[in-house]
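The block underneath contains the structure these notes are about, expressed in structure tokens.
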Amino acid sequence: MPDEPKTLDPAAAPADTTARPASARAAGAPATAGDSPAPGPARRRLLGLVAVGLVLAALNLRPAITSLGALLEEVSADLHMSGSVAGVLTSVPPLCFAVFGITAPRLARRFGPAAVVCAGMAAIFTGLILRPFATGTPAFLAASALALMGIAVSNVLMPVIVKRYFPDRVGSMTGLYSMALALGTSIAAAATVPMTDALGGDWRLGLGVWAALAALAVLPWLPLLRDRAADAVLPAAPAAAPQAAAPRITRSRTAWALGVFFGLQATGAYITMGWMPQIFRDAGVPATTAGVLLAVTMVMGVPLAFVIPRLATRMKNQGPIVVALGLCGLTGYTGLFLAPASGAWVWAVLLGISNCSFPLALTMIGMRSRTGAGVVRLSAFAQSVGYLISIPGPLLVGVLYQHSGGWGLPIALMGGLMVPQMIVGTLAGRDRTVEDEC
């Protein structure tokens, strides 16, 4: 591996490390990854390895969830789950993301972000390989929680790693891993039912095969563990203000707006991933087709997750994108309410476009802070607050479905949430940074 590149304390580093003041260099300040105008072969190999690691990690951030959504009816029946318990199961992902995601910055400072992501991929593998052996709901939830814990810390650190290694290509690299995330999501949604059928119809095998993808994702991060330069431990904040970092984020209106926006879009996304196949199946759509419809919704994020972050970084205000995505979601839910089966493909496409609020939110996390330390705190804050907000959504949908006997009320709830999502997203998209507000 290459010799250790020097790193700058992220609490003091400007977001655009390619334009550091000459006085800072003259004073002998350490160089950052972006300081080198013409990276050598070793540096290019390092960045290539990080890029491969980002893509493989992103591919694993949703199959644990969407593969379960495609087989939720079979899992619920075999483990004797009621509709409310199944709703709890669909609420576990955001709960784990909120609880474990907030620990990511501290873990990254102690062990390095690459080490934490590597451990996260290992946790996903372990949870997915254990889940098929569960004989009851508690064991199934525990194995799922282990996998989701790995997803949670990796979720938070993806923007951090992009900002750290690719400070001048935040939009492009965010788009790349967002596209990989959407691809992994859609493949798991579309392929789980056919693979399960090919393996004899056993849902345990259909869910367990995704552990192989997680095992593959561990590999690119292992060399970075041996090279402390490639993944230097995030330095602690300067002694002058070690305790002031966290309270400053909570005083930022933009951080709160971004957290609520993240939470509302996550609510829609996890309701979609957990319940949309069942909505279509109850409307008379075959199980395999319902899984493909979910895959269509997810696959819309493959091209758009690359385009939207690049477009967002070229705009001072991302509000118009927020509104356009929200209107697509509102139209999709209206159609799902009125004609779920006859217009299924159209609604799936519109909801897939709407779900691209996720890569937009990730992009805004990188844009709403000027410093590396700010991105770490803002990413942890916005995602943890957001996932806390999203916890009741899937559970409430399950309860409403069970007690109302249909999908009318749950779909009305989903559509109604698009209005506040557009409002807070517009506020979060304004051209300002949390450092200015703090």
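Ligands are numbered from 1 in the order shown, residues from 1 within each chain, and chains are lettered A, B, ... in the order they appear in the structure tokens.
Using only C-alpha atoms, the protein and nucleic acid residues lying no more than 10 Å from Leu222 in chain A, apart from those fewer than 2 places from it along its own chain, are Gly53, Ala114, Ala115, Cys118, Ala119, Ala217, Val218, Leu219, Pro220, Leu224, Leu225, Arg226 and Asp227 of chain A.
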Would you save the residues from that selection as a short mmCIF file (atom, residue, chain, number, x, y, z; two decimals), in the first residue's frame, using all heavy atoms?
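Resulting contents of selection_28.cif:
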```
data_model
loop_
_atom_site.label_atom_id
_atom_site.label_comp_id
_atom_site.auth_asym_id
_atom_site.auth_seq_id
_atom_site.Cartn_x
_atom_site.Cartn_y
_atom_site.Cartn_z
N GLY A 53 -14.91 0.23 -3.26
CA GLY A 53 -15.49 -0.05 -1.95
C GLY A 53 -16.82 0.65 -1.75
O GLY A 53 -17.77 0.08 -1.21
N ALA A 114 -13.07 3.93 7.17
CA ALA A 114 -13.01 2.70 6.37
C ALA A 114 -13.13 1.47 7.25
O ALA A 114 -13.78 0.48 6.87
CB ALA A 114 -11.71 2.66 5.57
N ALA A 115 -12.52 1.49 8.44
CA ALA A 115 -12.63 0.35 9.36
C ALA A 115 -14.07 0.16 9.80
O ALA A 115 -14.55 -0.98 9.91
CB ALA A 115 -11.73 0.58 10.57
N CYS A 118 -16.04 -1.29 6.88
CA CYS A 118 -15.67 -2.70 6.75
C CYS A 118 -16.41 -3.55 7.78
O CYS A 118 -16.97 -4.60 7.47
CB CYS A 118 -14.17 -2.86 6.89
SG CYS A 118 -13.57 -4.55 6.62
N ALA A 119 -16.41 -3.07 9.02
CA ALA A 119 -17.14 -3.79 10.08
C ALA A 119 -18.63 -3.81 9.78
O ALA A 119 -19.32 -4.80 10.06
CB ALA A 119 -16.88 -3.14 11.43
N ALA A 217 -18.53 -7.40 -0.44
CA ALA A 217 -18.33 -5.98 -0.14
C ALA A 217 -17.29 -5.74 0.94
O ALA A 217 -16.78 -4.63 1.08
CB ALA A 217 -19.66 -5.36 0.28
N VAL A 218 -16.98 -6.76 1.71
CA VAL A 218 -15.96 -6.60 2.76
C VAL A 218 -14.57 -6.44 2.15
O VAL A 218 -13.71 -5.70 2.68
CB VAL A 218 -15.99 -7.81 3.72
CG1 VAL A 218 -14.86 -7.71 4.75
CG2 VAL A 218 -17.33 -7.90 4.43
N LEU A 219 -14.33 -7.09 1.01
CA LEU A 219 -12.97 -7.23 0.49
C LEU A 219 -12.26 -5.93 0.17
O LEU A 219 -11.08 -5.77 0.54
CB LEU A 219 -13.00 -8.14 -0.75
CG LEU A 219 -13.57 -9.55 -0.52
CD1 LEU A 219 -13.57 -10.35 -1.82
CD2 LEU A 219 -12.77 -10.27 0.55
N PRO A 220 -12.88 -4.95 -0.52
CA PRO A 220 -12.11 -3.73 -0.87
C PRO A 220 -11.66 -2.93 0.34
O PRO A 220 -10.69 -2.17 0.25
CB PRO A 220 -13.10 -2.92 -1.72
CG PRO A 220 -14.13 -3.87 -2.16
CD PRO A 220 -14.23 -4.90 -1.08
N LEU A 224 -7.50 -1.14 3.09
CA LEU A 224 -7.51 0.17 3.73
C LEU A 224 -7.32 0.05 5.23
O LEU A 224 -6.86 1.00 5.87
CB LEU A 224 -8.83 0.89 3.42
CG LEU A 224 -9.09 1.18 1.93
CD1 LEU A 224 -10.46 1.79 1.74
CD2 LEU A 224 -8.02 2.10 1.37
N LEU A 225 -7.64 -1.09 5.80
CA LEU A 225 -7.40 -1.29 7.22
C LEU A 225 -5.91 -1.36 7.52
O LEU A 225 -5.46 -0.91 8.58
CB LEU A 225 -8.05 -2.59 7.70
CG LEU A 225 -9.57 -2.69 7.58
CD1 LEU A 225 -10.03 -4.04 8.11
CD2 LEU A 225 -10.24 -1.57 8.33
N ARG A 226 -5.14 -1.89 6.58
CA ARG A 226 -3.69 -2.01 6.80
C ARG A 226 -2.97 -0.70 6.54
O ARG A 226 -1.83 -0.52 6.96
CB ARG A 226 -3.12 -3.09 5.87
CG ARG A 226 -3.64 -4.48 6.16
CD ARG A 226 -2.78 -5.53 5.47
NE ARG A 226 -2.79 -5.37 4.02
CZ ARG A 226 -3.65 -5.97 3.21
NH1 ARG A 226 -4.58 -6.75 3.72
NH2 ARG A 226 -3.59 -5.79 1.90
N ASP A 227 -3.62 0.20 5.82
CA ASP A 227 -2.99 1.48 5.48
C ASP A 227 -3.67 2.58 6.26
O ASP A 227 -4.72 3.06 5.89
CB ASP A 227 -3.13 1.74 3.98
CG ASP A 227 -2.42 3.03 3.55
OD1 ASP A 227 -1.79 3.65 4.42
OD2 ASP A 227 -2.52 3.38 2.37
#
```
* To do: Determine, counting only C-alpha atoms, which protein, DNA and RNA residues have an atom within 10 Å of an atom of Gly268 in chain A; residues of the same chain fewer than 5 positions away are not included. Present the result as number ranges by chain.
  => A: 263, 273-274, 329, 351, 354-355, 357, 390, 393-394, 413-415, 417-418, 421
* Taking the chain letters and numbering used in this document, name the residues of range 61-251 of chain A that DSSP puts in alpha helix (DSSP H), as a VMD selection string. => chain A and resid 63 to 70 72 to 78 83 to 101 104 to 111 113 to 130 137 to 165 170 to 198 203 to 208 211 to 218 221 to 226 245 to 250
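Relative to CA of Thr250 in chain A, CA of Val116 in chain A is found at 24.9 Å.
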* Could you jot down the CA of Val260 in chain A to CA of Ile411 in chain A separation for me, Å, one decimal place? =>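 So the two atoms, CA of Val260 in chain A and CA of Ile411 in chain A, lie 20.4 Å apart.
The interatomic distance for the pair CA of Gly301 in chain A and CA of Leu327 in chain A works out to 16.3 Å.
Closest approach to Val299 in chain A from the set A:Thr272, A:Thr103, A:Gln402, A:Thr185 is made by A:Thr185, with distances taken over only C-alpha atoms.
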